[in-house]
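Asks: Before I ask anything, here is the structure I am working with.
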Amino acid sequence: MNTLRIIDANINRVCEGIRVIEDILRFLYDNETFFKKLKTIRHEIRKNTEYLNIEVSRKPQHDVGKKSFLQEEITRKNFEDIFKANIKRVEEGLRVLEEIFKIENKDLSEFFKSKRFEIYNIEKKIYSKKFKFQNLLKNQPILYGIVDTQFSKFDHITITENLIKGGIKIIQLREKILKEEDRKFLRIAKEMRKICNDNDAIFIINDRVDIAILSDADGIHLGQNDIKINDARKIFGFDRIYGLSTHNYKQVEEAKKIKPDYIGYGPIFQTKSKENPDPTVGIESLKKLKDKFKNIPPVVAIGGINLTNIKEVISCKPEMICVMSGIIGTENIETTVKKYMEIINDSVRCC
């Protein structure tokens, strides 16, 4: 009877958790593929265990754990928190059922094991963009590329292709001059998205969440005056990559609460890439950033970085380094990228 209570609790735990995830994917993000897979798993679990008649074992009034809740269990900041909590709940419940049925029914034990691995695969696919980004960061610092034709004589496609040939694996489309040409902006974004996808590179859109959605970009980079990341997540999805520009320590402190996937920090040096640039933060500010703030998102050092000062930036140990005009403004983009890559690799080896 006690075994049946464990089985009953975990079947309910698993199916309730799946239902929460289903509804998030169905109603918030219109994800038909994963919604249907999860629904099928939920129905299979109910069907394969209905013979047990486990409801008769239920004793909620005697459950010693019914009032036991951690603070994080009763607080959710956003839908990603809800999703993560429930998918872990499902995985843990399936593992309990797998173990219990090793005694009760070996076939059912194998069934629950197979469902557990199905859930793992669904989780991995849903978070594939974030996992890809996290894997990229294992080899740091990495070079972060920006495509903006204001600072290059080449078109978007040529710039993108040459950044990738040089070895850059994360590329942002940043086009201020296309504000009034949405159709052209979207066409370019889709073309760049395909090139990045074909070459296993991450594609980020600057500012425009609508263009990011329509082009199926991997992520969005937002400034301090753009829409808030939590609002963007509601329409773009929590499975995407979110970057946020920061220009001082106060903004970094605020960013910690929002939890973007990375923050841009700068401008480190004087830059001509903006009409009205923010005040330079300086190399000393970048150097002290990690000491002042613990557990901040990965940092992209940006602003005025070139071949003569990049070693100073590397010494501050940011996870990423962004060079724009110093690369795309040159005659041979691919060769220039390789020069930066060589300096980065040499510096890492020396250290």
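Each chain in the structure tokens gets a letter, A, B and so on, in the order shown; residues start at 1 in every chain, and ligands are counted from 1 in the order they appear.
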What lies within 8 Å of Gly304 in chain A using only C-alpha atoms, ignoring chain neighbours under 2 positions off, as JSON, numbers by chain?
Replies: {"A": [267, 268, 269, 270, 271, 272, 302, 306, 323]}
Asks: Hey, what's within 12 Å of range 35-38 of chain A if we count only C-alpha atoms and toss same-chain stuff fewer than 6 positions away? As JSON, numbers by chain, please?
Replies: {"A": [14, 15, 16, 17, 18, 19, 20, 21, 22, 23, 24, 25, 26, 27, 28, 29, 44, 45, 87, 90, 115, 116, 118, 119, 120, 121, 122, 123, 126]}
Asks: Could you write out the selected residues, including N, CA and C atoms, as a PDB file, in the first residue's frame?
Replies:
```pdb
ATOM      1  N   VAL A  14       4.209  13.783 -12.244  1.00  0.00           N
ATOM      2  CA  VAL A  14       4.687  13.777 -13.630  1.00  0.00           C
ATOM      3  C   VAL A  14       3.631  14.353 -14.580  1.00  0.00           C
ATOM      4  N   CYS A  15       2.408  13.855 -14.473  1.00  0.00           N
ATOM      5  CA  CYS A  15       1.351  14.279 -15.413  1.00  0.00           C
ATOM      6  C   CYS A  15       0.955  15.739 -15.206  1.00  0.00           C
ATOM      7  N   GLU A  16       0.909  16.166 -13.962  1.00  0.00           N
ATOM      8  CA  GLU A  16       0.607  17.582 -13.700  1.00  0.00           C
ATOM      9  C   GLU A  16       1.708  18.479 -14.254  1.00  0.00           C
ATOM     10  N   GLY A  17       2.963  18.059 -14.048  1.00  0.00           N
ATOM     11  CA  GLY A  17       4.086  18.841 -14.566  1.00  0.00           C
ATOM     12  C   GLY A  17       4.066  18.924 -16.077  1.00  0.00           C
ATOM     13  N   ILE A  18       3.789  17.790 -16.728  1.00  0.00           N
ATOM     14  CA  ILE A  18       3.713  17.785 -18.193  1.00  0.00           C
ATOM     15  C   ILE A  18       2.605  18.707 -18.666  1.00  0.00           C
ATOM     16  N   ARG A  19       1.465  18.683 -17.963  1.00  0.00           N
ATOM     17  CA  ARG A  19       0.334  19.516 -18.386  1.00  0.00           C
ATOM     18  C   ARG A  19       0.685  21.003 -18.308  1.00  0.00           C
ATOM     19  N   VAL A  20       1.421  21.408 -17.289  1.00  0.00           N
ATOM     20  CA  VAL A  20       1.855  22.811 -17.167  1.00  0.00           C
ATOM     21  C   VAL A  20       2.734  23.185 -18.361  1.00  0.00           C
ATOM     22  N   ILE A  21       3.702  22.315 -18.669  1.00  0.00           N
ATOM     23  CA  ILE A  21       4.615  22.578 -19.790  1.00  0.00           C
ATOM     24  C   ILE A  21       3.845  22.616 -21.105  1.00  0.00           C
ATOM     25  N   GLU A  22       2.933  21.651 -21.277  1.00  0.00           N
ATOM     26  CA  GLU A  22       2.080  21.602 -22.480  1.00  0.00           C
ATOM     27  C   GLU A  22       1.399  22.944 -22.723  1.00  0.00           C
ATOM     28  N   ASP A  23       0.748  23.451 -21.679  1.00  0.00           N
ATOM     29  CA  ASP A  23      -0.044  24.670 -21.840  1.00  0.00           C
ATOM     30  C   ASP A  23       0.828  25.892 -22.122  1.00  0.00           C
ATOM     31  N   ILE A  24       2.021  25.933 -21.532  1.00  0.00           N
ATOM     32  CA  ILE A  24       2.941  27.034 -21.842  1.00  0.00           C
ATOM     33  C   ILE A  24       3.322  26.998 -23.314  1.00  0.00           C
ATOM     34  N   LEU A  25       3.683  25.802 -23.806  1.00  0.00           N
ATOM     35  CA  LEU A  25       4.101  25.672 -25.202  1.00  0.00           C
ATOM     36  C   LEU A  25       2.926  25.854 -26.165  1.00  0.00           C
ATOM     37  N   ARG A  26       1.753  25.422 -25.747  1.00  0.00           N
ATOM     38  CA  ARG A  26       0.572  25.502 -26.609  1.00  0.00           C
ATOM     39  C   ARG A  26       0.011  26.912 -26.717  1.00  0.00           C
ATOM     40  N   PHE A  27      -0.233  27.547 -25.566  1.00  0.00           N
ATOM     41  CA  PHE A  27      -0.963  28.813 -25.568  1.00  0.00           C
ATOM     42  C   PHE A  27      -0.062  30.050 -25.610  1.00  0.00           C
ATOM     43  N   LEU A  28       1.154  29.942 -25.079  1.00  0.00           N
ATOM     44  CA  LEU A  28       2.043  31.104 -25.070  1.00  0.00           C
ATOM     45  C   LEU A  28       2.917  31.180 -26.314  1.00  0.00           C
ATOM     46  N   TYR A  29       3.419  29.991 -26.753  1.00  0.00           N
ATOM     47  CA  TYR A  29       4.414  30.004 -27.827  1.00  0.00           C
ATOM     48  C   TYR A  29       3.979  29.263 -29.087  1.00  0.00           C
ATOM     49  N   GLU A  44       0.101   8.295 -22.513  1.00  0.00           N
ATOM     50  CA  GLU A  44       0.713   6.965 -22.417  1.00  0.00           C
ATOM     51  C   GLU A  44       0.926   6.560 -20.960  1.00  0.00           C
ATOM     52  N   ILE A  45       1.348   7.512 -20.145  1.00  0.00           N
ATOM     53  CA  ILE A  45       1.585   7.222 -18.724  1.00  0.00           C
ATOM     54  C   ILE A  45       0.274   6.861 -18.028  1.00  0.00           C
ATOM     55  N   ILE A  87       9.672  20.921 -15.686  1.00  0.00           N
ATOM     56  CA  ILE A  87      10.339  19.863 -16.453  1.00  0.00           C
ATOM     57  C   ILE A  87      11.271  19.059 -15.553  1.00  0.00           C
ATOM     58  N   VAL A  90       9.043  16.689 -13.633  1.00  0.00           N
ATOM     59  CA  VAL A  90       8.677  15.540 -14.467  1.00  0.00           C
ATOM     60  C   VAL A  90       9.820  14.525 -14.508  1.00  0.00           C
ATOM     61  N   LYS A 115      10.481   7.083 -21.170  1.00  0.00           N
ATOM     62  CA  LYS A 115       9.789   8.383 -21.122  1.00  0.00           C
ATOM     63  C   LYS A 115      10.708   9.456 -20.538  1.00  0.00           C
ATOM     64  N   ARG A 116      11.526   9.055 -19.548  1.00  0.00           N
ATOM     65  CA  ARG A 116      12.473  10.013 -18.956  1.00  0.00           C
ATOM     66  C   ARG A 116      13.448  10.525 -20.014  1.00  0.00           C
ATOM     67  N   GLU A 118      12.935  10.575 -23.224  1.00  0.00           N
ATOM     68  CA  GLU A 118      12.178  11.398 -24.180  1.00  0.00           C
ATOM     69  C   GLU A 118      12.064  12.836 -23.672  1.00  0.00           C
ATOM     70  N   ILE A 119      11.796  12.976 -22.384  1.00  0.00           N
ATOM     71  CA  ILE A 119      11.691  14.314 -21.782  1.00  0.00           C
ATOM     72  C   ILE A 119      13.043  15.024 -21.835  1.00  0.00           C
ATOM     73  N   TYR A 120      14.125  14.289 -21.549  1.00  0.00           N
ATOM     74  CA  TYR A 120      15.462  14.891 -21.647  1.00  0.00           C
ATOM     75  C   TYR A 120      15.703  15.452 -23.052  1.00  0.00           C
ATOM     76  N   ASN A 121      15.330  14.674 -24.056  1.00  0.00           N
ATOM     77  CA  ASN A 121      15.544  15.106 -25.450  1.00  0.00           C
ATOM     78  C   ASN A 121      14.685  16.305 -25.810  1.00  0.00           C
ATOM     79  N   ILE A 122      13.457  16.329 -25.320  1.00  0.00           N
ATOM     80  CA  ILE A 122      12.585  17.482 -25.565  1.00  0.00           C
ATOM     81  C   ILE A 122      13.182  18.725 -24.916  1.00  0.00           C
ATOM     82  N   GLU A 123      13.636  18.577 -23.673  1.00  0.00           N
ATOM     83  CA  GLU A 123      14.261  19.705 -22.976  1.00  0.00           C
ATOM     84  C   GLU A 123      15.477  20.208 -23.750  1.00  0.00           C
ATOM     85  N   ILE A 126      14.355  22.065 -26.916  1.00  0.00           N
ATOM     86  CA  ILE A 126      13.761  23.362 -26.604  1.00  0.00           C
ATOM     87  C   ILE A 126      14.841  24.377 -26.255  1.00  0.00           C
TER      88      ILE A 126
END
```
Asks: What are the DSSP helix (DSSP H, G or I) residues of range 19-144 of chain A, as a ChimeraX atom specification?
Replies: /A:19-28,32-52,54-57,60-62,71-73,79-104,106-126,128-136
Asks: Residues near range 96-104 of chain A, anyone? I mean within 8 Å using only C-alpha atoms, not counting same-chain ones fewer than 6 positions away, as number ranges by chain.
Replies: A: 3, 7, 10-11, 110-113
Asks: Please dump the current selection as a PDB file, in the first residue's frame; keep C-alpha atoms.
Replies:
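Full text of part_32.pdb as output:
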```
ATOM      1  CA  THR A   3       4.407   1.582  -2.539  1.00  0.00           C
ATOM      2  CA  ILE A   7       3.465   5.487  -7.396  1.00  0.00           C
ATOM      3  CA  ASN A  10       4.709  10.449  -8.739  1.00  0.00           C
ATOM      4  CA  ILE A  11       2.275   9.700 -11.557  1.00  0.00           C
ATOM      5  CA  GLU A 110      11.719   0.243 -18.774  1.00  0.00           C
ATOM      6  CA  PHE A 111       8.688   2.216 -19.981  1.00  0.00           C
ATOM      7  CA  PHE A 112       9.291   5.012 -17.453  1.00  0.00           C
ATOM      8  CA  LYS A 113      12.994   5.016 -18.257  1.00  0.00           C
TER       9      LYS A 113
END
```
Asks: Looking only at the backbone, which of the residues in range 223-276 of chain A does DSSP tag as strand (DSSP E), as number ranges by chain?
Replies: A: 241-246, 262-265
Asks: Next, the residues of the selection above should be written as an mmCIF file, in the first residue's frame with C-alpha atoms.
Replies:
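Result file follows (again07.cif):
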```cif
data_model
loop_
_atom_site.group_PDB
_atom_site.id
_atom_site.type_symbol
_atom_site.label_atom_id
_atom_site.label_comp_id
_atom_site.auth_asym_id
_atom_site.auth_seq_id
_atom_site.Cartn_x
_atom_site.Cartn_y
_atom_site.Cartn_z
ATOM 1 C CA ILE A 241 19.394 34.074 -26.274
ATOM 2 C CA TYR A 242 19.006 37.502 -24.671
ATOM 3 C CA GLY A 243 21.741 40.131 -24.554
ATOM 4 C CA LEU A 244 21.576 43.482 -22.777
ATOM 5 C CA SER A 245 23.766 46.564 -23.176
ATOM 6 C CA THR A 246 25.151 48.046 -19.958
ATOM 7 C CA TYR A 262 24.997 37.921 -21.564
ATOM 8 C CA ILE A 263 25.656 41.625 -21.086
ATOM 9 C CA GLY A 264 27.509 44.040 -23.324
ATOM 10 C CA TYR A 265 29.757 46.332 -21.289
#
```
Asks: For a test of reading the model, state the distance in Å between CA of Leu163 in chain A and CA of Glu334 in chain A, rounded to one decimal.
Replies: 5.9 Å
Asks: Counting only C-alpha atoms, which residues of range 150-193 of chain A sit at most 8 Å from some atom of range 198-205 of chain A, and what is each one's closest atom pair with its distance in Å to one decimal, listed by chain and rising residue number, as a Markdown table?
Replies:
```
| residue | atom | partner | partner_atom | distance |
| --- | --- | --- | --- | --- |
| A:Ile164 | CA | A:Asn199 | CA | 7.5 |
| A:Ile168 | CA | A:Ala201 | CA | 7.7 |
| A:Lys169 | CA | A:Ala201 | CA | 4.5 |
| A:Ile170 | CA | A:Ile202 | CA | 4.6 |
| A:Ile171 | CA | A:Phe203 | CA | 5.2 |
| A:Gln172 | CA | A:Ile204 | CA | 4.4 |
| A:Leu173 | CA | A:Ile205 | CA | 5.1 |
| A:Arg174 | CA | A:Ile205 | CA | 6.7 |
| A:Ala189 | CA | A:Ile205 | CA | 7.9 |
| A:Met192 | CA | A:Phe203 | CA | 7.7 |
| A:Arg193 | CA | A:Phe203 | CA | 6.1 |
```
Asks: For each of A:Ile195, A:Pro141, A:Thr149, A:Asp155, take the minimum atom-to-atom distance to Ser315 in chain A, counting only C-alpha atoms, then give the residue where this is smallest.
Replies: A:Pro141
Asks: Please determine, counting only C-alpha atoms, which residue among A:Val337, A:Ile41, A:Cys196, A:Ile211 has the shortest atom-to-atom distance to Asp182 in chain A.
Replies: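 Counting only C-alpha atoms, the residue closest to Asp182 in chain A is A:Ile211.
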Asks: Can you list, as a ChimeraX atom specification, every protein, DNA or RNA residue that comes within 8 Å of Glu319 in chain A when you count only C-alpha atoms, leaving out same-chain residues fewer than 2 positions away?
Replies: /A:137,140-142,298-300,317,321
Asks: Generate the output file for the selected residues, N, CA and C atoms, as a tab-separated table (two decimals), in the first residue's frame.
Replies:
```
chain	number	residue	atom	x	y	z
A	137	LEU	N	30.80	29.29	-25.26
A	137	LEU	CA	31.51	30.04	-24.22
A	137	LEU	C	32.56	29.22	-23.47
A	140	GLN	N	36.88	30.55	-24.18
A	140	GLN	CA	36.82	32.01	-24.09
A	140	GLN	C	38.20	32.61	-23.92
A	141	PRO	N	38.38	33.88	-24.28
A	141	PRO	CA	37.34	34.74	-24.84
A	141	PRO	C	37.07	34.43	-26.31
A	142	ILE	N	35.84	34.67	-26.72
A	142	ILE	CA	35.49	34.47	-28.12
A	142	ILE	C	35.21	35.83	-28.77
A	298	PRO	N	27.69	36.34	-18.57
A	298	PRO	CA	28.89	36.49	-19.40
A	298	PRO	C	28.97	37.89	-20.00
A	299	VAL	N	30.18	38.43	-20.07
A	299	VAL	CA	30.39	39.83	-20.48
A	299	VAL	C	30.97	39.91	-21.89
A	300	VAL	N	30.36	40.79	-22.70
A	300	VAL	CA	30.94	41.16	-23.99
A	300	VAL	C	31.57	42.54	-23.83
A	317	LYS	N	39.76	39.55	-18.93
A	317	LYS	CA	39.05	38.27	-18.95
A	317	LYS	C	37.54	38.36	-19.17
A	321	ILE	N	34.56	39.34	-26.78
A	321	ILE	CA	35.10	40.64	-27.19
A	321	ILE	C	34.48	41.00	-28.53
```
Asks: I'd like to know which of A:Lys130, A:Asp278, A:Asp81, A:Thr49 is closest to Asp107 in chain A, using only C-alpha atoms.
Replies: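 For Asp107 in chain A, the nearest of the given residues is A:Thr49.
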Asks: Could you tell me how far CA of Pro318 in chain A sits from CA of Arg233 in chain A, in Å to one decimal place?
Replies: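 Straight-line distance from CA of Arg233 in chain A to CA of Pro318 in chain A works out to 25.4 Å.
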Asks: If you measure from CA of Glu312 in chain A to CA of Asp207 in chain A, what distance in Å do you get, rounded to one decimal?
Replies: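 Pair CA of Glu312 in chain A / CA of Asp207 in chain A returns 28.9 Å.
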Asks: Ranking A:Phe236, A:Arg208, A:Lys77, A:Gly145 by minimum distance to Asp30 in chain A and counting only C-alpha atoms, which one comes first?
Replies: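 Closest to Asp30 in chain A, using only C-alpha atoms: A:Phe236.
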Asks: Closest to Tyr340 in chain A among A:Gln224, A:Leu143, A:Phe151, A:Ser215, using only C-alpha atoms?
Replies: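 Once distances to Tyr340 in chain A are computed over only C-alpha atoms, the minimum belongs to A:Leu143.
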Asks: Out of A:Glu254, A:Asn295, A:Gln134, A:Ile213, which residue has the shortest atom-to-atom distance to Lys234 in chain A when counting only C-alpha atoms?
Replies: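 So, comparing all the options, the nearest one is A:Ile213.
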Asks: Env of Ser325 in chain A: 8 Å cut, atoms = only C-alpha atoms, seq-sep filter 2 positions within chain, self excluded. Answer as a list in words.
Replies: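 Everything that qualifies: Phe151, Ser152, Ser273, Val323, Ile327, Ile328, Gly329 and Thr330 of chain A.
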